[in-house]
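Peer 1: Sharing a structure here in structure tokens format.
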Amino acid sequence: DFFGLSRGYGMSISLMMLSASYLITGFKCLNNRHIWMAFGLATLASYANFTLLVFWAAVTLLIGFYFLLRFRSEGKKPWIAGLILLTFCLAYAALIYTPIQKMQSTNQFIYWSSHGFFKDTIIPLMDLSLQQSGMKDFLTLIAYLGLGLIGFSLGYSLFHFRKHEFKITSLREPFVIGSFLILITAGVNVLQTIILGTPNLFGRTALFFYPLYTTAIVCTYPFIRRMITGKRVKRVLAFGIAFLTSLHLITTSETNRYREWFYDGYTFDVLAIIQKEHRTTPATLETNWLYHPSFNFYYHTGQLPWLTLRPYNKEIRPDTDAEYYYVRMEDLNLLEGKFDVVDFWEDNYLLRRKPRPAHIP
């Protein structure tokens, strides 16, 4: 149910985090097996949700860079690894070409904007992650400090890389790969917007940037810790990181409130009421188009044998023959006189068709 309703977001981000972990340890230990694991998991992550194709491209570029530098330092030619990588990339491109082409031809990318990566992606991610915190200004400052820390890591990584004559051993620090990974992913996203004309990722479609951001910050901790000599300062630093992350979680978590797709929060309540009234006879239900996908999922998975669901319709149909209508408050006036209110949750209303008046000769 979770993966069906979340449309791959949870699955793809889980695979992405495991891929990032293998990529970091692959560079750190110069472990080719971990590098290939990172590539395979990044491929699965992007296949679970196409918004992560930018992450897949970033991982592929870093892996190509890894083999180039490693075999260069060892005096070998990277042709075999490069050929394998190129073959898998071409095969994957062939696999995903048709669905992406269909998405593009049916204008499925029109719901976002192209006002710049910072304005369309970073700012909304920060705003959405701080909803209901009551400490938005303070936590926003911390978020910007985190971006500054990643920027420092990038600058130091490039300096360190150049200082060591562009050898792969200078890339074995986790903070180097953590900062490079989020930078290259963002860079691929920007290039995609410029070259292909696709809009920037926004909100849930850009959600994977959040764990990449936290990974880049966490990877800097061992580096900063080595620069600090005092044990007390190290403990304060560790406590501060734990405190801020816990504070963010506690102040933004609300188990009794739905942030996005809130209108699906009462699907089971609606079904319970209808099933209670129709234990022996089938029922028919029509819904506002926003509610339909959630009911449709359970209907087509065979979990509602006692219910007949009317087809998806963007318009409210007062002439429907359905016994029940699940609508928003704004739809009530369109159905006035034909349905009675059975129950309601916030702006969500379950209606029952009024009995037809007896025929009077």
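Each chain in the structure tokens gets a letter, A, B and so on, in the order shown; residues start at 1 in every chain, and ligands are counted from 1 in the order they appear.
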If you run DSSP over the backbone, which residues in segment 88-329 of chain A end up alpha helix (DSSP H)? Put them as number ranges by chain.
Peer 2: A: 88-105, 117, 123-129, 136-163, 174-196, 209-227, 231-252, 267-277, 292-300
Peer 1: Would you list the contacts of Asn189 of chain A as a ChimeraX atom specification, taking every protein, DNA or RNA residue within 12 Å and counting only C-alpha atoms, but skipping same-chain residues closer than 4 positions in sequence?
Peer 2: /A:51-58,114,116-118,120-121,182-185,193-202,205-206,209
Peer 1: Store the residues of this selection in a file with N, CA and C atoms, as a tab-separated table (two decimals), in the first residue's frame.
Peer 2:
```tsv
chain	number	residue	atom	x	y	z
A	51	THR	N	12.46	11.16	-11.21
A	51	THR	CA	13.04	12.43	-10.77
A	51	THR	C	14.47	12.24	-10.28
A	52	LEU	N	14.83	10.99	-9.93
A	52	LEU	CA	16.18	10.72	-9.46
A	52	LEU	C	17.16	10.41	-10.60
A	53	LEU	N	16.74	10.63	-11.82
A	53	LEU	CA	17.68	10.45	-12.94
A	53	LEU	C	18.86	11.41	-12.84
A	54	VAL	N	18.63	12.58	-12.24
A	54	VAL	CA	19.74	13.52	-12.07
A	54	VAL	C	20.76	12.97	-11.07
A	55	PHE	N	20.28	12.26	-10.05
A	55	PHE	CA	21.18	11.60	-9.10
A	55	PHE	C	21.94	10.48	-9.79
A	56	TRP	N	21.23	9.68	-10.58
A	56	TRP	CA	21.88	8.60	-11.32
A	56	TRP	C	22.98	9.14	-12.22
A	57	ALA	N	22.72	10.25	-12.90
A	57	ALA	CA	23.72	10.85	-13.78
A	57	ALA	C	24.94	11.33	-12.97
A	58	ALA	N	24.69	11.90	-11.78
A	58	ALA	CA	25.79	12.37	-10.94
A	58	ALA	C	26.65	11.20	-10.47
A	114	SER	N	10.16	27.39	-13.93
A	114	SER	CA	11.58	27.50	-14.31
A	114	SER	C	12.09	28.90	-13.96
A	116	GLY	N	14.54	29.36	-11.76
A	116	GLY	CA	15.87	29.20	-11.19
A	116	GLY	C	15.91	28.11	-10.14
A	117	PHE	N	17.03	27.39	-10.07
A	117	PHE	CA	17.16	26.27	-9.16
A	117	PHE	C	17.00	26.69	-7.70
A	118	PHE	N	17.60	27.83	-7.36
A	118	PHE	CA	17.53	28.27	-5.95
A	118	PHE	C	16.10	28.63	-5.57
A	120	ASP	N	13.18	27.81	-7.18
A	120	ASP	CA	12.18	26.76	-7.40
A	120	ASP	C	12.40	25.52	-6.55
A	121	THR	N	13.65	25.24	-6.20
A	121	THR	CA	13.96	23.98	-5.52
A	121	THR	C	14.44	24.17	-4.08
A	182	ILE	N	26.25	16.05	-3.93
A	182	ILE	CA	25.11	16.97	-3.98
A	182	ILE	C	25.36	18.09	-4.99
A	183	LEU	N	26.62	18.53	-5.14
A	183	LEU	CA	26.93	19.58	-6.11
A	183	LEU	C	26.69	19.09	-7.54
A	184	ILE	N	27.18	17.90	-7.87
A	184	ILE	CA	27.04	17.40	-9.23
A	184	ILE	C	25.58	17.08	-9.53
A	185	THR	N	24.84	16.54	-8.53
A	185	THR	CA	23.41	16.27	-8.73
A	185	THR	C	22.66	17.56	-9.05
A	193	THR	N	17.54	21.41	-17.01
A	193	THR	CA	16.55	22.47	-17.19
A	193	THR	C	16.91	23.38	-18.36
A	194	ILE	N	18.20	23.68	-18.48
A	194	ILE	CA	18.66	24.59	-19.54
A	194	ILE	C	18.61	23.92	-20.91
A	195	ILE	N	19.14	22.69	-20.98
A	195	ILE	CA	19.28	22.01	-22.28
A	195	ILE	C	17.96	21.44	-22.78
A	196	LEU	N	17.23	20.74	-21.89
A	196	LEU	CA	15.99	20.07	-22.31
A	196	LEU	C	14.75	20.93	-22.13
A	197	GLY	N	14.89	22.05	-21.42
A	197	GLY	CA	13.74	22.92	-21.22
A	197	GLY	C	12.72	22.42	-20.22
A	198	THR	N	13.11	21.42	-19.40
A	198	THR	CA	12.19	20.91	-18.37
A	198	THR	C	12.20	21.84	-17.16
A	199	PRO	N	11.11	21.91	-16.42
A	199	PRO	CA	11.06	22.78	-15.25
A	199	PRO	C	11.94	22.24	-14.12
A	200	ASN	N	12.22	23.10	-13.15
A	200	ASN	CA	12.97	22.67	-11.98
A	200	ASN	C	12.12	21.74	-11.11
A	201	LEU	N	12.79	20.86	-10.38
A	201	LEU	CA	12.09	20.00	-9.43
A	201	LEU	C	11.59	20.83	-8.27
A	202	PHE	N	10.44	20.44	-7.72
A	202	PHE	CA	9.81	21.25	-6.69
A	202	PHE	C	9.15	20.35	-5.65
A	205	THR	N	8.96	16.29	-5.55
A	205	THR	CA	9.80	15.77	-6.62
A	205	THR	C	11.27	16.08	-6.38
A	206	ALA	N	11.55	17.05	-5.51
A	206	ALA	CA	12.94	17.40	-5.16
A	206	ALA	C	13.31	16.88	-3.78
A	209	PHE	N	16.84	15.69	-2.50
A	209	PHE	CA	17.93	16.62	-2.18
A	209	PHE	C	18.11	16.77	-0.66
```
Peer 1: Can you pull out the residues contacting Leu68 of chain A? Cut-off 10 Å, using only C-alpha atoms, and skip same-chain residues under 5 positions away; I want them as a list in words.
Peer 2: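 These residues fall inside the cut-off: Leu62, Ile63, Ser73, Lys76, Lys77, Pro78, Trp79, Ala81, Gly82 and Ile168 of chain A.
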Peer 1: For Asp321 of chain A, work out the shell of residues within 9 Å, counting only C-alpha atoms and skipping chain neighbours fewer than 5 positions away, then give it as a list in words.
Peer 2: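 So the residues in contact are Thr284, Glu286 and Arg353 of chain A.
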Peer 1: Return the single residue from A:Tyr312, A:Tyr156, A:Phe297, A:Tyr92 that is closest to Leu44 of chain A, with distances computed using only C-alpha atoms.
Peer 2: A:Tyr92
Peer 1: Sorted by chain and rising residue number, which residues of segment 213-296 of chain A lie within 10 Å of segment 131-148 of chain A, and what are their closest atom pairs and distances in Å to one decimal, counting only C-alpha atoms, as a Markdown table?
Peer 2:
```
| residue | atom | partner | partner_atom | distance |
| --- | --- | --- | --- | --- |
| A:Tyr213 | CA | A:Leu147 | CA | 8.1 |
| A:Thr214 | CA | A:Gly146 | CA | 8.5 |
| A:Ala216 | CA | A:Gly146 | CA | 9.0 |
| A:Ile217 | CA | A:Gly146 | CA | 6.6 |
| A:Val218 | CA | A:Gly146 | CA | 9.9 |
| A:Leu244 | CA | A:Leu139 | CA | 8.4 |
| A:Thr245 | CA | A:Leu139 | CA | 9.9 |
| A:Leu247 | CA | A:Ser133 | CA | 9.0 |
| A:His248 | CA | A:Ser133 | CA | 7.4 |
| A:Leu249 | CA | A:Ser133 | CA | 8.9 |
| A:Ile250 | CA | A:Ser133 | CA | 8.3 |
| A:Thr251 | CA | A:Ser133 | CA | 4.6 |
| A:Thr252 | CA | A:Ser133 | CA | 4.7 |
| A:Ser253 | CA | A:Ser133 | CA | 8.2 |
| A:Glu254 | CA | A:Gln132 | CA | 8.6 |
| A:Arg259 | CA | A:Gln131 | CA | 8.9 |
```
Peer 1: Rank nothing, just name the residue among A:Trp306, A:Ala322, A:Phe159, A:Ile273 nearest to Asp343 of chain A, using only C-alpha atoms.
Peer 2: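 Answer, going by the shortest atom-to-atom distance: A:Ile273.
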